[in-house]
>>> print(open('structure.txt').read())   # compact mmCIF, C-alpha atoms (C1' of nucleotides)
# COMPACT_ATOMS: atom_id res chain seq x y z
CA MET A 528 -57.97 4.77 -13.37
CA ALA A 529 -58.57 6.48 -10.09
CA SER A 530 -59.49 9.76 -11.76
CA SER A 531 -62.48 8.28 -13.55
CA THR A 532 -64.08 6.73 -10.45
CA ARG A 533 -66.56 8.88 -8.66
CA PRO A 534 -65.39 9.79 -5.16
CA PRO A 535 -67.51 8.54 -2.26
CA GLY A 536 -70.02 10.70 -0.45
CA ARG A 537 -72.64 13.14 -1.58
CA PRO A 538 -71.65 14.68 -4.91
CA ARG A 539 -71.32 18.42 -5.28
CA SER A 540 -74.36 20.07 -6.68
CA SER A 541 -73.65 21.53 -10.11
CA VAL A 542 -74.34 25.17 -9.49
CA ASP A 543 -71.13 26.78 -10.72
CA ALA A 544 -72.80 28.28 -13.78
CA GLU A 545 -75.60 29.74 -11.67
CA VAL A 546 -73.08 31.14 -9.18
CA PHE A 547 -71.09 32.81 -11.98
CA ALA A 548 -74.22 34.30 -13.48
CA ALA A 549 -75.40 35.59 -10.11
CA THR A 550 -71.93 36.99 -9.40
CA LEU A 551 -71.80 39.07 -12.57
CA ARG A 552 -75.40 40.14 -12.20
CA THR A 553 -74.88 41.27 -8.61
CA ILE A 554 -71.64 43.08 -9.43
CA HIS A 555 -73.40 44.79 -12.32
CA GLU A 556 -76.22 45.95 -10.08
CA LEU A 557 -74.30 46.93 -6.96
CA GLY A 558 -70.62 47.25 -7.89
CA TYR A 559 -67.78 45.06 -6.71
CA THR A 560 -67.63 46.25 -3.12
CA ARG A 561 -71.34 45.95 -2.33
CA ALA A 562 -71.67 42.68 -4.23
CA THR A 563 -71.21 40.69 -1.04
CA VAL A 564 -70.82 36.95 -0.98
CA ASP A 565 -74.01 36.84 1.06
CA ARG A 566 -75.95 38.55 -1.70
CA ILE A 567 -74.42 36.42 -4.44
CA ALA A 568 -75.31 33.27 -2.53
CA ALA A 569 -78.85 34.50 -1.94
CA ALA A 570 -79.22 35.37 -5.63
CA THR A 571 -78.07 31.88 -6.55
CA GLY A 572 -80.32 30.28 -3.96
CA ILE A 573 -77.54 28.50 -2.08
CA ALA A 574 -75.81 29.03 1.25
CA LYS A 575 -72.81 31.31 1.61
CA THR A 576 -70.81 28.49 3.16
CA THR A 577 -71.21 26.48 -0.04
CA ILE A 578 -69.47 29.24 -1.99
CA TYR A 579 -66.57 29.34 0.45
CA ARG A 580 -66.23 25.55 0.17
CA ARG A 581 -65.41 25.95 -3.55
CA TRP A 582 -63.55 29.25 -3.80
CA PRO A 583 -61.21 30.37 -1.04
CA SER A 584 -62.06 34.07 -1.28
CA LYS A 585 -64.28 36.58 -3.00
CA GLY A 586 -61.43 37.55 -5.29
CA ALA A 587 -60.87 33.95 -6.34
CA LEU A 588 -64.58 33.54 -7.02
CA VAL A 589 -64.71 36.60 -9.24
CA THR A 590 -61.52 35.59 -11.04
CA ALA A 591 -62.99 32.17 -11.75
CA CYS A 592 -66.07 33.95 -12.99
CA LEU A 593 -63.98 35.98 -15.43
CA VAL A 594 -62.09 32.90 -16.59
CA ASP A 595 -65.46 31.27 -17.26
CA THR A 596 -66.70 34.31 -19.17
CA PHE A 597 -63.55 34.65 -21.27
CA GLY A 598 -63.57 31.28 -22.97
CA PRO A 599 -61.34 30.23 -25.86
CA MET A 600 -60.86 32.89 -28.49
CA PRO A 601 -62.18 31.97 -31.95
CA LEU A 602 -59.24 32.92 -34.20
CA THR A 603 -59.32 31.95 -37.85
CA GLY A 604 -55.57 32.11 -38.40
CA ARG A 605 -56.15 33.27 -41.94
CA SER A 606 -54.05 36.43 -41.59
CA ARG A 607 -52.50 38.47 -38.83
CA ASP A 608 -54.72 41.48 -39.54
CA GLU A 609 -57.83 39.35 -39.37
CA ASP A 610 -56.79 37.72 -36.10
CA VAL A 611 -55.93 41.09 -34.57
CA ALA A 612 -59.36 42.41 -35.49
CA THR A 613 -61.10 39.28 -34.23
CA ALA A 614 -59.25 39.31 -30.93
CA ILE A 615 -59.96 42.98 -30.23
CA ARG A 616 -63.65 42.69 -31.12
CA TYR A 617 -63.86 39.61 -28.93
CA GLY A 618 -62.35 41.46 -25.95
CA ALA A 619 -64.50 44.54 -26.55
CA ARG A 620 -67.68 42.47 -26.65
CA LEU A 621 -66.94 40.63 -23.41
CA ILE A 622 -65.77 43.68 -21.47
CA ALA A 623 -68.97 45.43 -22.54
CA GLU A 624 -71.06 42.72 -20.90
CA PRO A 625 -72.74 43.80 -17.66
CA GLY A 626 -70.51 43.46 -14.63
CA VAL A 627 -67.38 42.26 -16.40
CA ALA A 628 -65.46 45.53 -16.25
CA ALA A 629 -66.43 46.13 -12.63
CA ALA A 630 -65.33 42.61 -11.79
CA PHE A 631 -61.98 43.26 -13.44
CA ALA A 632 -61.41 46.46 -11.51
CA GLY A 633 -62.30 44.77 -8.23
CA VAL A 634 -59.99 41.84 -8.85
CA PHE A 635 -57.14 44.16 -9.77
CA THR A 636 -57.68 46.03 -6.54
CA ASP A 637 -57.78 42.85 -4.49
CA ALA A 638 -54.78 41.36 -6.30
CA ILE A 639 -52.52 44.12 -4.98
CA GLY A 640 -51.13 42.82 -1.75
CA ASP A 641 -52.49 39.34 -2.47
CA PRO A 642 -49.78 37.66 -4.57
CA GLY A 643 -51.71 34.42 -4.68
CA LEU A 644 -54.64 36.10 -6.36
CA ARG A 645 -52.39 37.87 -8.85
CA GLU A 646 -50.81 34.51 -9.66
CA ILE A 647 -54.25 33.07 -10.42
CA LEU A 648 -55.04 36.11 -12.54
CA VAL A 649 -51.91 35.79 -14.65
CA THR A 650 -51.92 32.01 -14.92
CA GLN A 651 -55.58 31.31 -15.54
CA LEU A 652 -56.68 34.43 -17.38
CA GLN A 653 -53.74 36.02 -19.20
CA ASP A 654 -51.49 33.05 -20.02
CA PRO A 655 -53.93 31.17 -22.26
CA TYR A 656 -54.45 34.25 -24.41
CA ARG A 657 -50.75 35.04 -24.42
CA GLN A 658 -50.00 31.56 -25.72
CA VAL A 659 -52.62 31.42 -28.44
CA LEU A 660 -51.77 34.94 -29.59
CA MET A 661 -48.03 34.23 -29.72
CA GLU A 662 -48.72 31.24 -31.93
CA SER A 663 -51.45 32.78 -34.04
CA LEU A 664 -49.79 36.15 -34.62
CA GLY A 665 -46.27 34.79 -34.75
CA LEU A 666 -44.92 37.42 -32.36
CA PRO A 667 -42.54 37.21 -29.39
CA GLU A 668 -43.85 37.15 -25.83
CA GLN A 669 -42.96 40.73 -24.93
CA ARG A 670 -44.77 42.00 -28.00
CA VAL A 671 -47.93 40.02 -27.25
CA LEU A 672 -48.00 41.13 -23.61
CA PHE A 673 -47.66 44.71 -24.83
CA VAL A 674 -50.66 44.26 -27.12
CA ILE A 675 -52.73 42.68 -24.35
CA ASP A 676 -51.95 45.64 -22.08
CA ILE A 677 -53.09 48.05 -24.76
CA VAL A 678 -56.31 46.28 -25.70
CA ILE A 679 -57.57 45.25 -22.27
CA GLY A 680 -56.22 48.34 -20.53
CA THR A 681 -57.81 50.73 -22.99
CA LEU A 682 -61.20 49.02 -22.93
CA LEU A 683 -61.23 48.80 -19.13
CA HIS A 684 -60.17 52.41 -18.67
CA ARG A 685 -62.99 53.59 -20.90
CA MET A 686 -65.48 51.56 -18.90
CA GLY A 687 -64.02 52.75 -15.60
CA ILE A 688 -64.15 56.43 -16.51
CA THR A 689 -67.43 56.62 -18.39
CA GLY A 690 -69.25 53.54 -17.12
CA LYS A 691 -70.14 52.71 -20.71
CA PRO A 692 -68.48 50.45 -23.29
CA MET A 693 -66.24 51.91 -25.94
CA VAL A 694 -68.19 52.97 -29.02
CA GLU A 695 -67.74 50.87 -32.13
CA SER A 696 -65.87 53.55 -34.08
CA ASP A 697 -63.23 53.76 -31.37
CA VAL A 698 -62.92 49.97 -31.28
CA GLU A 699 -62.32 50.04 -35.02
CA ALA A 700 -59.71 52.79 -34.56
CA LEU A 701 -58.00 50.59 -31.98
CA ILE A 702 -57.97 47.71 -34.47
CA THR A 703 -56.52 49.84 -37.25
CA MET A 704 -53.85 51.27 -34.97
CA LEU A 705 -52.68 47.87 -33.78
CA GLN A 706 -52.78 46.36 -37.25
CA ARG A 707 -50.42 49.11 -38.36
CA GLU A 708 -48.27 48.67 -35.25
CA LEU A 709 -47.93 44.92 -35.82
CA GLY A 710 -47.80 44.99 -39.58
CA MET B 331 -63.59 91.35 -0.62
CA ALA B 332 -65.12 88.73 1.61
CA SER B 333 -63.01 85.98 0.09
CA SER B 334 -59.74 87.59 1.17
CA THR B 335 -60.71 88.01 4.85
CA ARG B 336 -59.72 85.17 7.08
CA PRO B 337 -62.79 83.37 8.47
CA PRO B 338 -63.26 83.46 12.22
CA GLY B 339 -62.32 80.58 14.48
CA ARG B 340 -59.34 78.27 14.72
CA PRO B 341 -57.69 77.89 11.31
CA ARG B 342 -57.24 74.49 9.75
CA SER B 343 -53.85 73.01 10.31
CA SER B 344 -51.99 72.66 7.00
CA VAL B 345 -51.47 68.94 6.84
CA ASP B 346 -52.89 68.16 3.40
CA ALA B 347 -49.48 67.42 1.93
CA GLU B 348 -48.60 65.09 4.80
CA VAL B 349 -51.97 63.31 4.49
CA PHE B 350 -51.46 62.77 0.76
CA ALA B 351 -47.96 61.44 1.31
CA ALA B 352 -49.14 59.10 4.06
CA THR B 353 -52.04 57.96 1.89
CA LEU B 354 -49.84 56.92 -1.03
CA ARG B 355 -47.26 55.38 1.28
CA THR B 356 -49.88 53.32 3.13
CA ILE B 357 -51.57 52.20 -0.10
CA HIS B 358 -48.18 51.22 -1.46
CA GLU B 359 -47.40 49.14 1.62
CA LEU B 360 -50.77 47.53 2.25
CA GLY B 361 -52.87 47.90 -0.91
CA TYR B 362 -56.01 49.98 -1.28
CA THR B 363 -58.35 47.81 0.77
CA ARG B 364 -56.16 47.45 3.84
CA ALA B 365 -55.02 51.05 3.68
CA THR B 366 -57.65 52.09 6.20
CA VAL B 367 -58.39 55.67 7.07
CA ASP B 368 -57.35 54.84 10.61
CA ARG B 369 -53.89 53.79 9.45
CA ILE B 370 -53.48 56.80 7.16
CA ALA B 371 -54.42 59.13 10.00
CA ALA B 372 -52.02 57.39 12.37
CA ALA B 373 -49.24 57.59 9.77
CA THR B 374 -49.88 61.31 9.40
CA GLY B 375 -50.07 61.83 13.13
CA ILE B 376 -53.58 63.28 13.16
CA ALA B 377 -57.01 62.03 14.20
CA LYS B 378 -59.23 60.07 11.82
CA THR B 379 -62.06 62.52 12.39
CA THR B 380 -59.88 65.32 11.03
CA ILE B 381 -59.59 63.47 7.74
CA TYR B 382 -63.34 62.99 7.51
CA ARG B 383 -63.83 66.71 8.18
CA ARG B 384 -61.97 67.50 4.94
CA TRP B 385 -62.84 64.63 2.58
CA PRO B 386 -66.28 63.01 2.68
CA SER B 387 -65.07 59.47 1.98
CA LYS B 388 -61.99 57.36 1.51
CA GLY B 389 -62.52 57.41 -2.26
CA ALA B 390 -62.67 61.21 -2.30
CA LEU B 391 -59.48 61.39 -0.24
CA VAL B 392 -57.59 59.09 -2.60
CA THR B 393 -58.92 60.94 -5.64
CA ALA B 394 -57.74 64.24 -4.18
CA CYS B 395 -54.43 62.55 -3.54
CA LEU B 396 -54.17 61.56 -7.21
CA VAL B 397 -55.17 65.05 -8.35
CA ASP B 398 -52.40 66.41 -6.15
CA THR B 399 -49.87 63.94 -7.56
CA PHE B 400 -50.81 64.61 -11.17
CA GLY B 401 -50.09 68.30 -11.33
CA PRO B 402 -50.01 70.41 -14.50
CA MET B 403 -48.36 68.69 -17.44
CA PRO B 404 -45.20 70.45 -18.71
CA LEU B 405 -45.84 70.55 -22.47
CA THR B 406 -43.52 72.55 -24.66
CA GLY B 407 -45.94 73.01 -27.54
CA ARG B 408 -43.06 72.87 -30.00
CA SER B 409 -44.50 70.02 -32.06
CA ARG B 410 -47.23 67.43 -31.76
CA ASP B 411 -44.77 64.55 -31.69
CA GLU B 412 -42.80 66.14 -28.92
CA ASP B 413 -45.88 66.86 -26.83
CA VAL B 414 -47.16 63.30 -27.31
CA ALA B 415 -43.84 61.92 -26.11
CA THR B 416 -43.70 64.31 -23.17
CA ALA B 417 -47.26 63.53 -22.07
CA ILE B 418 -46.76 59.76 -22.22
CA ARG B 419 -43.44 59.87 -20.35
CA TYR B 420 -45.07 62.13 -17.78
CA GLY B 421 -47.91 59.65 -17.21
CA ALA B 422 -45.58 56.66 -17.15
CA ARG B 423 -43.35 58.27 -14.55
CA LEU B 424 -46.22 59.16 -12.22
CA ILE B 425 -48.02 55.84 -12.53
CA ALA B 426 -44.74 54.12 -11.71
CA GLU B 427 -44.55 55.96 -8.40
CA PRO B 428 -45.27 53.80 -5.33
CA GLY B 429 -48.96 53.48 -4.57
CA VAL B 430 -50.28 55.50 -7.50
CA ALA B 431 -51.46 52.58 -9.62
CA ALA B 432 -53.03 50.84 -6.62
CA ALA B 433 -54.79 54.08 -5.73
CA PHE B 434 -56.16 54.32 -9.27
CA ALA B 435 -57.48 50.77 -9.23
CA GLY B 436 -59.14 51.31 -5.87
CA VAL B 437 -60.80 54.53 -6.93
CA PHE B 438 -62.08 52.92 -10.12
CA THR B 439 -63.57 50.12 -8.08
CA ASP B 440 -65.19 52.53 -5.64
CA ALA B 441 -66.43 54.80 -8.43
CA ILE B 442 -68.64 52.06 -9.81
CA GLY B 443 -71.96 52.51 -8.11
CA ASP B 444 -70.86 55.86 -6.68
CA PRO B 445 -71.73 58.39 -9.40
CA GLY B 446 -70.55 61.28 -7.25
CA LEU B 447 -67.07 59.84 -7.01
CA ARG B 448 -66.95 59.14 -10.73
CA GLU B 449 -67.98 62.75 -11.35
CA ILE B 450 -65.07 63.94 -9.20
CA LEU B 451 -62.75 61.59 -11.06
CA VAL B 452 -63.76 62.89 -14.47
CA THR B 453 -63.99 66.54 -13.53
CA GLN B 454 -60.93 66.98 -11.38
CA LEU B 455 -58.56 64.44 -12.87
CA GLN B 456 -59.41 63.82 -16.52
CA ASP B 457 -60.88 67.12 -17.68
CA PRO B 458 -57.79 69.29 -17.08
CA TYR B 459 -55.66 66.95 -19.16
CA ARG B 460 -58.33 66.62 -21.81
CA GLN B 461 -58.45 70.39 -22.18
CA VAL B 462 -54.72 71.03 -22.34
CA LEU B 463 -54.21 68.13 -24.74
CA MET B 464 -57.01 69.27 -27.04
CA GLU B 465 -55.38 72.67 -27.26
CA SER B 466 -51.79 71.53 -27.41
CA LEU B 467 -52.27 68.69 -29.89
CA GLY B 468 -54.97 70.41 -31.87
CA LEU B 469 -57.26 67.40 -31.86
CA PRO B 470 -61.02 66.98 -31.28
CA GLU B 471 -62.36 65.83 -27.93
CA GLN B 472 -63.19 62.26 -28.95
CA ARG B 473 -59.69 61.76 -30.29
CA VAL B 474 -58.05 63.05 -27.11
CA LEU B 475 -60.23 60.92 -24.86
CA PHE B 476 -59.29 57.94 -26.99
CA VAL B 477 -55.61 58.68 -26.48
CA ILE B 478 -56.03 59.13 -22.74
CA ASP B 479 -57.77 55.75 -22.55
CA ILE B 480 -54.89 54.11 -24.39
CA VAL B 481 -52.07 55.71 -22.43
CA ILE B 482 -53.46 55.53 -18.91
CA GLY B 483 -55.26 52.22 -19.49
CA THR B 484 -52.19 50.51 -20.88
CA LEU B 485 -49.89 51.72 -18.11
CA LEU B 486 -52.37 50.80 -15.38
CA HIS B 487 -53.06 47.35 -16.83
CA ARG B 488 -49.36 46.57 -16.90
CA MET B 489 -49.04 47.64 -13.25
CA GLY B 490 -52.15 45.69 -12.27
CA ILE B 491 -51.03 42.45 -13.91
CA THR B 492 -47.33 42.47 -13.13
CA GLY B 493 -47.12 44.80 -10.15
CA LYS B 494 -44.22 46.56 -11.83
CA PRO B 495 -44.04 49.66 -14.03
CA MET B 496 -43.82 49.30 -17.79
CA VAL B 497 -40.22 49.00 -18.97
CA GLU B 498 -38.78 51.95 -20.82
CA SER B 499 -38.59 50.21 -24.19
CA ASP B 500 -42.34 49.51 -24.09
CA VAL B 501 -43.06 53.11 -23.11
CA GLU B 502 -41.05 54.22 -26.13
CA ALA B 503 -42.99 51.79 -28.32
CA LEU B 504 -46.21 53.29 -26.99
CA ILE B 505 -44.94 56.76 -27.87
CA THR B 506 -43.98 55.72 -31.40
CA MET B 507 -47.30 54.00 -31.97
CA LEU B 508 -49.33 57.02 -30.90
CA GLN B 509 -47.18 59.46 -32.81
CA ARG B 510 -47.91 57.44 -35.93
CA GLU B 511 -51.59 57.19 -35.02
CA LEU B 512 -51.90 60.94 -34.53
CA GLY B 513 -49.52 62.00 -37.30
C1' DG C 946 -56.98 89.63 28.93
C1' DC C 947 -61.81 88.05 27.22
C1' DG C 948 -65.63 86.34 24.61
C1' DG C 949 -66.79 84.28 20.16
C1' DT C 950 -65.98 80.94 16.72
C1' DT C 951 -64.08 77.06 14.56
C1' DT C 952 -60.99 73.15 14.40
C1' DC C 953 -58.64 69.48 16.85
C1' DG C 954 -57.93 65.03 19.31
C1' DC C 955 -60.19 61.50 21.51
C1' DT C 956 -63.45 57.96 22.57
C1' DA C 957 -67.27 55.52 21.59
C1' DC C 958 -70.49 53.77 18.57
C1' DG C 959 -73.58 51.53 14.57
C1' DA C 960 -73.71 49.24 10.32
C1' DA C 961 -71.75 46.33 6.89
C1' DT C 962 -68.66 42.76 5.37
C1' DA C 963 -65.04 38.77 4.85
C1' DG C 964 -64.28 34.54 6.34
C1' DT C 965 -64.70 30.57 9.95
C1' DA C 966 -66.86 27.05 12.98
C1' DT C 967 -70.35 23.91 14.01
C1' DC C 968 -74.13 20.75 13.53
C1' DG C 969 -77.96 18.26 11.92
C1' DA C 970 -79.86 16.91 7.42
C1' DT C 971 -79.21 15.07 2.87
C1' DA C 972 -77.58 12.53 -1.30
C1' DC C 973 -75.04 9.03 -3.35
C1' DC C 974 -72.48 4.43 -3.27
C1' DG C 975 -71.87 -0.45 -2.29
C1' DC D 1227 -78.39 -0.05 5.74
C1' DG D 1228 -73.76 1.84 6.78
C1' DG D 1229 -70.14 4.99 5.13
C1' DT D 1230 -68.84 9.29 3.37
C1' DA D 1231 -68.87 13.88 1.79
C1' DT D 1232 -71.72 17.84 0.80
C1' DC D 1233 -75.51 21.06 1.94
C1' DG D 1234 -78.16 24.58 4.58
C1' DA D 1235 -78.44 27.25 8.51
C1' DT D 1236 -76.90 29.75 12.32
C1' DA D 1237 -73.69 31.96 15.01
C1' DC D 1238 -69.50 34.05 15.58
C1' DT D 1239 -64.91 36.96 15.23
C1' DA D 1240 -62.35 40.52 13.25
C1' DT D 1241 -62.08 44.43 10.41
C1' DT D 1242 -63.55 48.65 8.38
C1' DC D 1243 -66.30 52.82 7.00
C1' DG D 1244 -68.34 56.63 8.62
C1' DT D 1245 -70.69 59.41 12.51
C1' DA D 1246 -71.68 61.57 17.17
C1' DG D 1247 -70.36 64.00 21.11
C1' DC D 1248 -67.25 66.48 24.11
C1' DG D 1249 -63.65 69.07 26.17
C1' DA D 1250 -59.32 71.45 24.73
C1' DA D 1251 -56.89 74.44 21.72
C1' DA D 1252 -56.06 78.22 18.26
C1' DC D 1253 -57.14 82.43 16.18
C1' DC D 1254 -59.81 86.97 15.83
C1' DG D 1255 -61.64 91.50 17.35
C1' DC D 1256 -62.30 94.29 21.22
>>> encode(input="structure.txt", output="structure tokens")
Amino acid sequence: MASSTRPPGRPRSSVDAEVFAATLRTIHELGYTRATVDRIAAATGIAKTTIYRRWPSKGALVTACLVDTFGPMPLTGRSRDEDVATAIRYGARLIAEPGVAAAFAGVFTDAIGDPGLREILVTQLQDPYRQVLMESLGLPEQRVLFVIDIVIGTLLHRMGITGKPMVESDVEALITMLQRELG
Amino acid sequence: MASSTRPPGRPRSSVDAEVFAATLRTIHELGYTRATVDRIAAATGIAKTTIYRRWPSKGALVTACLVDTFGPMPLTGRSRDEDVATAIRYGARLIAEPGVAAAFAGVFTDAIGDPGLREILVTQLQDPYRQVLMESLGLPEQRVLFVIDIVIGTLLHRMGITGKPMVESDVEALITMLQRELG
DNA sequence: GCGGTTTCGCTACGAATAGTATCGATACCG
DNA sequence: CGGTATCGATACTATTCGTAGCGAAACCGC
């Protein structure tokens, strides 16, 4: 199998995790615009050219960073109400992490007028959650996309306006509202 | 009254409306990042320096543009359900207008790490709606802010992910859900 | 018409940033 | 040791935000 043989030449150094961490940290400290690729590279301890060898643009780097942060969602599948609550708390916890919301806003801004980046955003970030939620909640696609808009949109808007995560009582209100809506 | 006397010197040319129109048009065509102040000025037919004499930064210009677009909300006050529906349809219609959602995303991105801009955003854009909704719907502040997050966040997320406005049936579903939530 | 005051258009400029090109050095394989 | 692909470093172009300076223009009161 050709895919299992190591390609010739010097192997890539495994610094992706460090780059992602430095990216979120820098965005958290300076905001998306001033989180330059130069600074992220310096914070990681590698050269800027190394970053551009792996990700074609700053937007693609940050998107990959978000995909890495949002891993698989741990749904129990015991009941629809429980999965709705789990999914919303999962999203609220991750969006509250330093830099994540700012990264989202920046990628959204970049994705306008960059169809390739929007494609990556939809395919790599939204589609996996759409699929698992359609199966787990037993709802049609349009319904699940509607729910994703509400949950992610609401949490991001709160972060964008106030700069702080949504308080727990409001997250619980969001859960109750959507449980009723989907019941 | 000193405020009613015209100040000495050459009066400002009244081009604010044209600048706002050119701003949204340019953002719609090129996206927030590539909608440079140079291009907006050229599209208006004035000098870039004239824009910077009126708004201190690109973010402040776009925020003023959004404040101008989102005028007073025409609530009837006949019933809470009716006002909820009117407010949501009002927001959906404006966010669907060309360039508005991209302008929002760009301002959010800029506002992170620019507390002054965030202050303008909250004071000039959110507060008027918060006040009128608190009075019209008869709900406490936290509740109204929660609703604003849901409505604006959901509509913006849909625009950011798909690039297209939310379809009418989903807007109606949003209305129904919030009417039930606030009933 | 004239002086005073303020804005306007224009040009030039400095600083910051995205992304590219190049080149010698380095790491791994057989 | 030779082959190959990556790494670090430097330099570079193009773009953009925001500012400075200057002469011309518009409006006021006299």
>>> interface_residues(input="structure.txt", of="chain D", to="chain A", cutoff="12 Å", atoms="all atoms listed in the file", output="count of residues only")
8
>>> residues_near_point(input="structure.txt", point="(-67.1, 87.8, 23.5)", cutoff="12 Å", atoms="only C-alpha atoms (C1' of nucleotides)", output="number ranges by chain")
C: 946-950; D: 1254-1256
>>> interface_residues(input="structure.txt", of="chain C", to="chain B", cutoff="7 Å", atoms="all atoms listed in the file", output="CSV table (one decimal) with C-alpha atoms (C1' of nucleotides), in the frame of the given file")
chain,number,residue,atom,x,y,z
C,950,DT,C1',-66.0,80.9,16.7
C,951,DT,C1',-64.1,77.1,14.6
C,952,DT,C1',-61.0,73.2,14.4
C,954,DG,C1',-57.9,65.0,19.3
>>> residues_around(input="structure.txt", residues="DT962 of chain C", least_positions_apart="3", cutoff="9 Å", atoms="all atoms listed in the file", output="MDAnalysis selection string")
(chainID A and resid 561 563:564) or (chainID D and resid 1241:1242)
>>> atom_distance(input="structure.txt", atom1="atom CA of Gly604 of chain A", atom2="atom CA of Gly710 of chain A")
15.1 Å
>>> atom_distance(input="structure.txt", atom1="atom CA of Ala352 of chain B", atom2="atom CA of Met403 of chain B")
23.6 Å
>>> atom_distance(input="structure.txt", atom1="atom CA of Glu545 of chain A", atom2="atom CA of Ile567 of chain A")
9.9 Å
>>> residues_near_point(input="structure.txt", point="(-63.4, 61.1, 25.1)", cutoff="10 Å", atoms="only C-alpha atoms (C1' of nucleotides)", output="short mmCIF file (atom, residue, chain, number, x, y, z; two decimals) with C-alpha atoms (C1' of nucleotides), in the coordinates of the input")
data_model
loop_
_atom_site.label_atom_id
_atom_site.label_comp_id
_atom_site.auth_asym_id
_atom_site.auth_seq_id
_atom_site.Cartn_x
_atom_site.Cartn_y
_atom_site.Cartn_z
"C1'" DG C 954 -57.93 65.03 19.31
"C1'" DC C 955 -60.19 61.50 21.51
"C1'" DT C 956 -63.45 57.96 22.57
"C1'" DA C 957 -67.27 55.52 21.59
"C1'" DG D 1247 -70.36 64.00 21.11
"C1'" DC D 1248 -67.25 66.48 24.11
"C1'" DG D 1249 -63.65 69.07 26.17
#
>>> residues_around(input="structure.txt", residues="Ala417 of chain B", least_positions_apart="3", cutoff="12 Å", atoms="only C-alpha atoms (C1' of nucleotides)", output="number ranges by chain")
B: 400, 402-407, 410-414, 420-424, 459-460, 462-463, 466-467, 474, 477-478, 481-482, 501-502, 504-505, 508-509
>>> residues_around(input="structure.txt", residues="DG964 of chain C", least_positions_apart="2", cutoff="10 Å", atoms="all atoms listed in the file", output="PyMOL selection string")
(chain A and resi 576+579+583-585) or (chain C and resi 962) or (chain D and resi 1239-1240)
>>> write_last_selection(input="structure.txt", atoms="C-alpha atoms (C1' of nucleotides)", output="PDB file, in the frame of the given file")
ATOM      1  CA  THR A 576     -70.810  28.490   3.160  1.00  0.00           C
ATOM      2  CA  TYR A 579     -66.570  29.340   0.450  1.00  0.00           C
ATOM      3  CA  PRO A 583     -61.210  30.370  -1.040  1.00  0.00           C
ATOM      4  CA  SER A 584     -62.060  34.070  -1.280  1.00  0.00           C
ATOM      5  CA  LYS A 585     -64.280  36.580  -3.000  1.00  0.00           C
TER       6      LYS A 585
ATOM      7  C1'  DT C 962     -68.660  42.760   5.370  1.00  0.00           C
TER       8       DT C 962
ATOM      9  C1'  DT D1239     -64.910  36.960  15.230  1.00  0.00           C
ATOM     10  C1'  DA D1240     -62.350  40.520  13.250  1.00  0.00           C
TER      11       DA D1240
END
>>> closest_residue(input="structure.txt", among="A:Gln651, A:Ser541, A:Pro667, A:Arg533", to="Gly598 of chain A", atoms="only C-alpha atoms")
A:Gln651
>>> axis_aligned_box(input="structure.txt", around="segment 452-468 of chain B", padding_each_side="3 Å", output="AutoDock Vina command-line options")
--center_x -57.9 --center_y 67.8 --center_z -21.6 --size_x 18.2 --size_y 15.8 --size_z 26.5
